[in-house]
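Undergrad: Sharing data04.cif below, mmCIF, N, CA and C atoms:
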```cif
data_entry
#
loop_
_atom_site.group_PDB
_atom_site.id
_atom_site.type_symbol
_atom_site.label_atom_id
_atom_site.label_comp_id
_atom_site.auth_asym_id
_atom_site.auth_seq_id
_atom_site.Cartn_x
_atom_site.Cartn_y
_atom_site.Cartn_z
ATOM 1 N N MET A 1 -86.732 -39.717 109.226
ATOM 2 C CA MET A 1 -86.409 -38.378 109.671
ATOM 3 C C MET A 1 -85.439 -38.444 110.850
ATOM 4 N N MET A 2 -84.412 -37.662 110.847
ATOM 5 C CA MET A 2 -83.398 -37.680 111.891
ATOM 6 C C MET A 2 -83.857 -36.866 113.098
ATOM 7 N N GLU A 3 -83.433 -37.321 114.262
ATOM 8 C CA GLU A 3 -83.762 -36.623 115.507
ATOM 9 C C GLU A 3 -82.889 -35.386 115.641
ATOM 10 N N SER A 4 -83.428 -34.403 116.303
ATOM 11 C CA SER A 4 -82.646 -33.186 116.543
ATOM 12 C C SER A 4 -81.653 -33.440 117.673
ATOM 13 N N GLY A 5 -80.670 -32.579 117.781
ATOM 14 C CA GLY A 5 -79.656 -32.702 118.821
ATOM 15 C C GLY A 5 -80.214 -32.487 120.213
ATOM 16 N N ASP A 6 -81.365 -31.818 120.319
ATOM 17 C CA ASP A 6 -81.970 -31.564 121.625
ATOM 18 C C ASP A 6 -82.463 -32.845 122.289
ATOM 19 N N GLU A 7 -82.877 -33.816 121.506
ATOM 20 C CA GLU A 7 -83.353 -35.080 122.054
ATOM 21 C C GLU A 7 -82.230 -35.828 122.763
ATOM 22 N N LEU A 8 -81.036 -35.766 122.221
ATOM 23 C CA LEU A 8 -79.909 -36.484 122.801
ATOM 24 C C LEU A 8 -79.319 -35.779 124.010
ATOM 25 N N LYS A 9 -79.584 -34.507 124.190
ATOM 26 C CA LYS A 9 -79.009 -33.750 125.300
ATOM 27 C C LYS A 9 -79.583 -34.173 126.650
ATOM 28 N N LYS A 10 -80.741 -34.790 126.655
ATOM 29 C CA LYS A 10 -81.324 -35.182 127.927
ATOM 30 C C LYS A 10 -80.726 -36.491 128.459
ATOM 31 N N TYR A 11 -79.904 -37.161 127.678
ATOM 32 C CA TYR A 11 -79.250 -38.391 128.100
ATOM 33 C C TYR A 11 -77.778 -38.118 128.369
ATOM 34 N N ARG A 12 -77.226 -38.848 129.318
ATOM 35 C CA ARG A 12 -75.806 -38.726 129.643
ATOM 36 C C ARG A 12 -75.101 -39.999 129.191
ATOM 37 N N PHE A 13 -74.096 -39.852 128.354
ATOM 38 C CA PHE A 13 -73.336 -40.991 127.852
ATOM 39 C C PHE A 13 -71.920 -40.929 128.423
ATOM 40 N N PRO A 14 -71.534 -41.891 129.297
ATOM 41 C CA PRO A 14 -70.162 -41.874 129.816
ATOM 42 C C PRO A 14 -69.172 -42.247 128.712
ATOM 43 N N LYS A 15 -67.941 -41.768 128.873
ATOM 44 C CA LYS A 15 -66.904 -42.098 127.889
ATOM 45 C C LYS A 15 -66.628 -43.596 127.883
ATOM 46 N N THR A 16 -66.529 -44.168 129.078
ATOM 47 C CA THR A 16 -66.360 -45.613 129.204
ATOM 48 C C THR A 16 -67.257 -46.095 130.324
ATOM 49 N N LEU A 17 -67.561 -47.378 130.326
ATOM 50 C CA LEU A 17 -68.399 -47.913 131.391
ATOM 51 C C LEU A 17 -67.653 -47.982 132.714
ATOM 52 N N GLY A 18 -66.336 -48.082 132.669
ATOM 53 C CA GLY A 18 -65.543 -48.156 133.879
ATOM 54 C C GLY A 18 -64.996 -46.813 134.320
ATOM 55 N N ASP A 19 -65.585 -45.731 133.852
ATOM 56 C CA ASP A 19 -65.111 -44.397 134.194
ATOM 57 C C ASP A 19 -65.371 -44.141 135.670
ATOM 58 N N GLN A 20 -64.318 -43.980 136.458
ATOM 59 C CA GLN A 20 -64.465 -43.802 137.887
ATOM 60 C C GLN A 20 -63.912 -42.460 138.333
ATOM 61 N N LEU A 21 -64.341 -42.035 139.497
ATOM 62 C CA LEU A 21 -63.901 -40.774 140.062
ATOM 63 C C LEU A 21 -62.404 -40.848 140.384
ATOM 64 N N ARG A 22 -61.672 -39.829 139.974
ATOM 65 C CA ARG A 22 -60.242 -39.758 140.266
ATOM 66 C C ARG A 22 -59.930 -38.424 140.916
ATOM 67 N N ILE A 23 -59.057 -38.458 141.900
ATOM 68 C CA ILE A 23 -58.593 -37.257 142.576
ATOM 69 C C ILE A 23 -57.083 -37.238 142.422
ATOM 70 N N ILE A 24 -56.556 -36.169 141.865
ATOM 71 C CA ILE A 24 -55.123 -36.026 141.559
ATOM 72 C C ILE A 24 -54.651 -37.213 140.726
ATOM 73 N N GLY A 25 -55.501 -37.696 139.845
ATOM 74 C CA GLY A 25 -55.142 -38.791 138.955
ATOM 75 C C GLY A 25 -55.178 -40.163 139.596
ATOM 76 N N MET A 26 -55.600 -40.247 140.856
ATOM 77 C CA MET A 26 -55.637 -41.525 141.565
ATOM 78 C C MET A 26 -57.075 -41.943 141.820
ATOM 79 N N PRO A 27 -57.404 -43.227 141.638
ATOM 80 C CA PRO A 27 -58.736 -43.690 142.029
ATOM 81 C C PRO A 27 -58.905 -43.578 143.544
ATOM 82 N N LEU A 28 -60.142 -43.555 144.009
ATOM 83 C CA LEU A 28 -60.400 -43.372 145.442
ATOM 84 C C LEU A 28 -59.746 -44.449 146.302
ATOM 85 N N ASP A 29 -59.692 -45.690 145.821
ATOM 86 C CA ASP A 29 -59.103 -46.747 146.639
ATOM 87 C C ASP A 29 -57.594 -46.588 146.810
ATOM 88 N N GLU A 30 -56.950 -45.784 145.995
ATOM 89 C CA GLU A 30 -55.533 -45.474 146.185
ATOM 90 C C GLU A 30 -55.352 -44.137 146.910
ATOM 91 N N PHE A 31 -56.270 -43.208 146.675
ATOM 92 C CA PHE A 31 -56.145 -41.867 147.253
ATOM 93 C C PHE A 31 -56.377 -41.863 148.762
ATOM 94 N N ILE A 32 -57.451 -42.517 149.223
ATOM 95 C CA ILE A 32 -57.840 -42.441 150.633
ATOM 96 C C ILE A 32 -56.780 -43.004 151.579
ATOM 97 N N PRO A 33 -56.166 -44.170 151.315
ATOM 98 C CA PRO A 33 -55.158 -44.652 152.268
ATOM 99 C C PRO A 33 -53.794 -43.967 152.145
ATOM 100 N N THR A 34 -53.557 -43.186 151.111
ATOM 101 C CA THR A 34 -52.221 -42.607 150.953
ATOM 102 C C THR A 34 -52.154 -41.111 151.224
ATOM 103 N N VAL A 35 -53.011 -40.322 150.628
ATOM 104 C CA VAL A 35 -52.870 -38.863 150.697
ATOM 105 C C VAL A 35 -53.270 -38.279 152.052
ATOM 106 N N PRO A 36 -54.438 -38.598 152.637
ATOM 107 C CA PRO A 36 -54.762 -37.993 153.942
ATOM 108 C C PRO A 36 -53.742 -38.276 155.041
ATOM 109 N N PRO A 37 -53.232 -39.520 155.193
ATOM 110 C CA PRO A 37 -52.181 -39.704 156.211
ATOM 111 C C PRO A 37 -50.922 -38.884 155.908
ATOM 112 N N PHE A 38 -50.600 -38.716 154.635
ATOM 113 C CA PHE A 38 -49.451 -37.887 154.282
ATOM 114 C C PHE A 38 -49.692 -36.432 154.685
ATOM 115 N N LEU A 39 -50.894 -35.913 154.419
ATOM 116 C CA LEU A 39 -51.203 -34.533 154.792
ATOM 117 C C LEU A 39 -51.227 -34.342 156.304
ATOM 118 N N ILE A 40 -51.726 -35.339 157.025
ATOM 119 C CA ILE A 40 -51.716 -35.266 158.488
ATOM 120 C C ILE A 40 -50.285 -35.268 159.006
ATOM 121 N N SER A 41 -49.415 -36.060 158.400
ATOM 122 C CA SER A 41 -48.015 -36.093 158.842
ATOM 123 C C SER A 41 -47.310 -34.776 158.538
ATOM 124 N N ILE A 42 -47.682 -34.098 157.476
ATOM 125 C CA ILE A 42 -47.120 -32.766 157.210
ATOM 126 C C ILE A 42 -47.551 -31.799 158.297
ATOM 127 N N TYR A 43 -48.809 -31.889 158.715
ATOM 128 C CA TYR A 43 -49.321 -31.004 159.769
ATOM 129 C C TYR A 43 -48.549 -31.206 161.067
ATOM 130 N N TYR A 44 -48.195 -32.451 161.383
ATOM 131 C CA TYR A 44 -47.443 -32.737 162.599
ATOM 132 C C TYR A 44 -45.934 -32.717 162.389
ATOM 133 N N LYS A 45 -45.495 -32.166 161.272
ATOM 134 C CA LYS A 45 -44.077 -31.971 160.954
ATOM 135 C C LYS A 45 -43.284 -33.289 160.886
ATOM 136 N N HIS A 46 -43.907 -34.289 160.294
ATOM 137 C CA HIS A 46 -43.246 -35.573 160.032
ATOM 138 C C HIS A 46 -43.451 -35.931 158.566
ATOM 139 N N ALA A 47 -43.108 -35.003 157.693
ATOM 140 C CA ALA A 47 -43.390 -35.164 156.266
ATOM 141 C C ALA A 47 -42.657 -36.358 155.662
ATOM 142 N N LEU A 48 -41.426 -36.591 156.069
ATOM 143 C CA LEU A 48 -40.668 -37.695 155.489
ATOM 144 C C LEU A 48 -41.310 -39.046 155.827
ATOM 145 N N GLY A 49 -41.716 -39.215 157.083
ATOM 146 C CA GLY A 49 -42.384 -40.456 157.475
ATOM 147 C C GLY A 49 -43.704 -40.629 156.747
ATOM 148 N N GLY A 50 -44.466 -39.547 156.590
ATOM 149 C CA GLY A 50 -45.726 -39.610 155.865
ATOM 150 C C GLY A 50 -45.524 -39.911 154.399
ATOM 151 N N LEU A 51 -44.464 -39.352 153.820
ATOM 152 C CA LEU A 51 -44.155 -39.624 152.418
ATOM 153 C C LEU A 51 -43.792 -41.094 152.224
ATOM 154 N N ILE A 52 -42.987 -41.628 153.120
ATOM 155 C CA ILE A 52 -42.612 -43.040 153.043
ATOM 156 C C ILE A 52 -43.841 -43.918 153.221
ATOM 157 N N TYR A 53 -44.707 -43.572 154.199
ATOM 158 C CA TYR A 53 -45.936 -44.332 154.407
ATOM 159 C C TYR A 53 -46.832 -44.261 153.170
ATOM 160 N N GLY A 54 -47.012 -43.076 152.622
ATOM 161 C CA GLY A 54 -47.882 -42.900 151.461
ATOM 162 C C GLY A 54 -47.410 -43.691 150.256
ATOM 163 N N ILE A 55 -46.122 -43.627 149.969
ATOM 164 C CA ILE A 55 -45.576 -44.370 148.828
ATOM 165 C C ILE A 55 -45.678 -45.872 149.060
ATOM 166 N N THR A 56 -45.395 -46.305 150.299
ATOM 167 C CA THR A 56 -45.481 -47.733 150.608
ATOM 168 C C THR A 56 -46.914 -48.240 150.456
ATOM 169 N N MET A 57 -47.887 -47.489 150.966
ATOM 170 C CA MET A 57 -49.292 -47.902 150.838
ATOM 171 C C MET A 57 -49.738 -47.909 149.377
ATOM 172 N N TRP A 58 -49.314 -46.898 148.621
ATOM 173 C CA TRP A 58 -49.681 -46.829 147.213
ATOM 174 C C TRP A 58 -49.126 -48.038 146.447
ATOM 175 N N LEU A 59 -47.861 -48.361 146.691
ATOM 176 C CA LEU A 59 -47.255 -49.526 146.037
ATOM 177 C C LEU A 59 -47.938 -50.825 146.462
ATOM 178 N N PHE A 60 -48.286 -50.929 147.749
ATOM 179 C CA PHE A 60 -48.954 -52.133 148.248
ATOM 180 C C PHE A 60 -50.332 -52.304 147.607
ATOM 181 N N ILE A 61 -51.097 -51.224 147.491
ATOM 182 C CA ILE A 61 -52.419 -51.306 146.874
ATOM 183 C C ILE A 61 -52.290 -51.655 145.401
ATOM 184 N N ARG A 62 -51.331 -51.042 144.720
ATOM 185 C CA ARG A 62 -51.116 -51.366 143.302
ATOM 186 C C ARG A 62 -50.692 -52.830 143.146
ATOM 187 N N TRP A 63 -49.890 -53.326 144.079
ATOM 188 C CA TRP A 63 -49.460 -54.720 144.042
ATOM 189 C C TRP A 63 -50.656 -55.644 144.254
ATOM 190 N N LEU A 64 -51.558 -55.276 145.186
ATOM 191 C CA LEU A 64 -52.748 -56.089 145.424
ATOM 192 C C LEU A 64 -53.642 -56.147 144.184
ATOM 193 N N LYS A 65 -53.826 -55.024 143.539
ATOM 194 C CA LYS A 65 -54.728 -54.968 142.391
ATOM 195 C C LYS A 65 -54.122 -55.637 141.163
ATOM 196 N N ARG A 66 -52.860 -55.426 140.890
ATOM 197 C CA ARG A 66 -52.137 -56.016 139.760
ATOM 198 C C ARG A 66 -52.942 -56.004 138.464
ATOM 199 N N GLY A 67 -53.482 -54.858 138.096
ATOM 200 C CA GLY A 67 -54.192 -54.723 136.835
ATOM 201 C C GLY A 67 -55.633 -55.218 136.853
ATOM 202 N N ARG A 68 -56.142 -55.611 138.003
ATOM 203 C CA ARG A 68 -57.500 -56.135 138.078
ATOM 204 C C ARG A 68 -58.549 -55.050 138.263
ATOM 205 N N GLY A 69 -58.173 -53.877 138.707
ATOM 206 C CA GLY A 69 -59.121 -52.787 138.865
ATOM 207 C C GLY A 69 -59.630 -52.641 140.290
ATOM 208 N N SER A 70 -60.325 -51.539 140.508
ATOM 209 C CA SER A 70 -60.801 -51.191 141.836
ATOM 210 C C SER A 70 -61.902 -52.119 142.326
ATOM 211 N N MET A 71 -62.789 -52.550 141.452
ATOM 212 C CA MET A 71 -63.894 -53.404 141.889
ATOM 213 C C MET A 71 -63.386 -54.732 142.442
ATOM 214 N N TRP A 72 -62.307 -55.241 141.917
ATOM 215 C CA TRP A 72 -61.742 -56.471 142.445
ATOM 216 C C TRP A 72 -61.286 -56.254 143.883
ATOM 217 N N LEU A 73 -60.661 -55.105 144.143
ATOM 218 C CA LEU A 73 -60.189 -54.795 145.495
ATOM 219 C C LEU A 73 -61.368 -54.623 146.445
ATOM 220 N N TYR A 74 -62.437 -53.940 146.013
ATOM 221 C CA TYR A 74 -63.618 -53.779 146.857
ATOM 222 C C TYR A 74 -64.234 -55.132 147.183
ATOM 223 N N ASN A 75 -64.305 -56.018 146.188
ATOM 224 C CA ASN A 75 -64.866 -57.347 146.418
ATOM 225 C C ASN A 75 -64.009 -58.147 147.389
ATOM 226 N N MET A 76 -62.698 -58.059 147.277
ATOM 227 C CA MET A 76 -61.811 -58.764 148.189
ATOM 228 C C MET A 76 -62.006 -58.259 149.622
ATOM 229 N N LEU A 77 -62.109 -56.937 149.766
ATOM 230 C CA LEU A 77 -62.331 -56.379 151.099
ATOM 231 C C LEU A 77 -63.669 -56.835 151.665
ATOM 232 N N TYR A 78 -64.688 -56.925 150.831
ATOM 233 C CA TYR A 78 -65.999 -57.383 151.294
ATOM 234 C C TYR A 78 -65.932 -58.806 151.829
ATOM 235 N N TRP A 79 -65.216 -59.682 151.132
ATOM 236 C CA TRP A 79 -65.182 -61.080 151.542
ATOM 237 C C TRP A 79 -64.318 -61.330 152.769
ATOM 238 N N TYR A 80 -63.284 -60.520 152.991
ATOM 239 C CA TYR A 80 -62.336 -60.837 154.056
ATOM 240 C C TYR A 80 -62.387 -59.909 155.257
ATOM 241 N N LEU A 81 -63.071 -58.782 155.175
ATOM 242 C CA LEU A 81 -63.187 -57.882 156.323
ATOM 243 C C LEU A 81 -64.559 -58.043 156.967
ATOM 244 N N PRO A 82 -64.702 -57.642 158.231
ATOM 245 C CA PRO A 82 -66.016 -57.743 158.881
ATOM 246 C C PRO A 82 -67.071 -56.880 158.183
ATOM 247 N N THR A 83 -68.296 -57.367 158.163
ATOM 248 C CA THR A 83 -69.389 -56.677 157.480
ATOM 249 C C THR A 83 -69.710 -55.334 158.125
ATOM 250 N N GLU A 84 -69.442 -55.177 159.420
ATOM 251 C CA GLU A 84 -69.754 -53.929 160.120
ATOM 252 C C GLU A 84 -69.020 -52.735 159.511
ATOM 253 N N LEU A 85 -67.874 -52.962 158.917
ATOM 254 C CA LEU A 85 -67.137 -51.871 158.275
ATOM 255 C C LEU A 85 -67.889 -51.318 157.066
ATOM 256 N N PHE A 86 -68.667 -52.154 156.393
ATOM 257 C CA PHE A 86 -69.381 -51.736 155.197
ATOM 258 C C PHE A 86 -70.767 -51.177 155.503
ATOM 259 N N ARG A 87 -71.280 -51.417 156.710
ATOM 260 C CA ARG A 87 -72.606 -50.910 157.063
ATOM 261 C C ARG A 87 -72.614 -49.396 157.213
ATOM 262 N N VAL A 88 -71.466 -48.776 157.286
ATOM 263 C CA VAL A 88 -71.394 -47.313 157.325
ATOM 264 C C VAL A 88 -71.852 -46.739 155.985
ATOM 265 N N VAL A 89 -71.444 -47.362 154.902
ATOM 266 C CA VAL A 89 -71.789 -46.893 153.557
ATOM 267 C C VAL A 89 -73.081 -47.540 153.071
ATOM 268 N N TYR A 90 -73.185 -48.851 153.232
ATOM 269 C CA TYR A 90 -74.352 -49.600 152.760
ATOM 270 C C TYR A 90 -75.202 -49.978 153.966
ATOM 271 N N LYS A 91 -76.406 -49.485 154.021
ATOM 272 C CA LYS A 91 -77.293 -49.761 155.173
ATOM 273 C C LYS A 91 -77.729 -51.218 155.202
ATOM 274 N N VAL A 92 -78.026 -51.784 154.052
ATOM 275 C CA VAL A 92 -78.449 -53.188 153.979
ATOM 276 C C VAL A 92 -77.447 -53.918 153.096
ATOM 277 N N ILE A 93 -76.678 -54.790 153.716
ATOM 278 C CA ILE A 93 -75.690 -55.573 152.964
ATOM 279 C C ILE A 93 -75.639 -56.961 153.592
ATOM 280 N N PRO A 94 -75.671 -58.004 152.789
ATOM 281 C CA PRO A 94 -75.626 -59.348 153.374
ATOM 282 C C PRO A 94 -74.253 -59.640 153.963
ATOM 283 N N ASP A 95 -74.265 -60.446 154.994
ATOM 284 C CA ASP A 95 -73.020 -60.835 155.634
ATOM 285 C C ASP A 95 -72.212 -61.706 154.676
ATOM 286 N N SER A 96 -70.924 -61.482 154.604
ATOM 287 C CA SER A 96 -70.095 -62.223 153.657
ATOM 288 C C SER A 96 -69.870 -63.667 154.089
ATOM 289 N N SER A 97 -70.263 -64.017 155.313
ATOM 290 C CA SER A 97 -70.095 -65.401 155.744
ATOM 291 C C SER A 97 -71.121 -66.333 155.099
ATOM 292 N N PHE A 98 -72.213 -65.775 154.535
ATOM 293 C CA PHE A 98 -73.190 -66.585 153.814
ATOM 294 C C PHE A 98 -72.705 -66.743 152.384
ATOM 295 N N ARG A 99 -72.004 -67.812 152.115
ATOM 296 C CA ARG A 99 -71.347 -67.986 150.815
ATOM 297 C C ARG A 99 -72.081 -68.970 149.917
ATOM 298 N N LYS A 100 -73.380 -69.123 150.107
ATOM 299 C CA LYS A 100 -74.150 -70.030 149.263
ATOM 300 C C LYS A 100 -74.829 -69.221 148.169
ATOM 301 N N TRP A 101 -74.910 -69.793 146.992
ATOM 302 C CA TRP A 101 -75.607 -69.152 145.876
ATOM 303 C C TRP A 101 -77.094 -69.377 146.035
ATOM 304 N N ILE A 102 -77.841 -68.361 145.830
ATOM 305 C CA ILE A 102 -79.300 -68.465 145.882
ATOM 306 C C ILE A 102 -79.806 -68.588 144.462
ATOM 307 N N LYS A 103 -80.573 -69.632 144.181
ATOM 308 C CA LYS A 103 -81.079 -69.855 142.820
ATOM 309 C C LYS A 103 -82.538 -69.508 142.747
#
```
Show me, as structure tokens, the structure contained in the file I just sent.

TA:
Amino acid sequence: MMESGDELKKYRFPKTLGDQLRIIGMPLDEFIPTVPPFLISIYYKHALGGLIYGITMWLFIRWLKRGRGSMWLYNMLYWYLPTELFRVVYKVIPDSSFRKWIK
């Protein structure tokens, strides 16, 4: 006997497993370093400088990722930046200086 459509409505199926939040078509790791500084520069009447900064940062982030995706960039930042920067978002996170595998 086939299940009714109501049974499946209680589950959420993403289109893809890598479906991530996008703002203006940009993933968050590209949006945050480019758009807010550009908007702030418009407020202070330096739109051209903000536009140049935004495009340069966007190209630099895309160059860093080179088709590897956002998670690769987050992992790189975790390993090379101080752990205190991540404690704002993650309350409990191991220090990246402990590079031994736990078995």

Undergrad: I need the residue nearest Leu28 in chain A from this list: A:Leu81, A:Met71, A:Leu64, A:Leu51. Use only C-alpha atoms for the distance.

TA: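 Nearest candidate to Leu28 in chain A out of A:Leu81, A:Met71, A:Leu64, A:Leu51: A:Met71.
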
Undergrad: Select, from A:Pro27, A:Leu48, A:Phe38, A:Ser96, the residue with the minimum atom-to-atom distance to Ser70 in chain A, counting only N, CA and C atoms.

TA: A:Pro27

Undergrad: Go through A:Tyr43, A:Leu85, A:Tyr78, A:Asp29 one by one, measure the shortest atom-to-atom distance of each to Trp58 in chain A using all atoms listed in the file, and give the residue with the smallest value.

TA: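 The closest residue to Trp58 in chain A is A:Asp29.
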
Undergrad: Could you state the separation of atom N of Leu39 in chain A and CA of Gly25 in chain A in Å, given to one decimal place?

TA: 16.3 Å

Undergrad: Which one of A:Pro94, A:Arg87, A:Met76, A:Gly54 sits closest to Ile42 in chain A if you count only C-alpha atoms?

TA: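 Using only C-alpha atoms, the shortest distance to Ile42 in chain A belongs to A:Gly54.
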
Undergrad: What is the CA of Pro36 in chain A-CA of Trp79 in chain A distance in Å, reported with one decimal?

TA: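 Calculated distance between CA of Pro36 in chain A and CA of Trp79 in chain A is 25.4 Å.
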
Undergrad: Please report the interatomic distance between atom N of Glu30 in chain A and atom C of Lys91 in chain A in Å with one decimal.

TA: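 Between atom N of Glu30 in chain A and atom C of Lys91 in chain A the gap works out to 23.4 Å.
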
Undergrad: Once you add 3 Å to each side, what are the centre and edge lengths of the axis-aligned box holding all listed atoms of range 25-29 of chain A? One decimal in Å, as lines of an AutoDock Vina configuration file, if you can.

TA:
```
center_x = -57.8
center_y = -42.2
center_z = 142.9
size_x = 11.3
size_y = 15.1
size_z = 13.9
```

Undergrad: Between A:Gly69, A:Ile23, A:Thr34, A:Val89, which residue has the minimum interatomic distance to Ile55 in chain A, considering only N, CA and C atoms?

TA: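 Once distances to Ile55 in chain A are computed over only N, CA and C atoms, the minimum belongs to A:Thr34.
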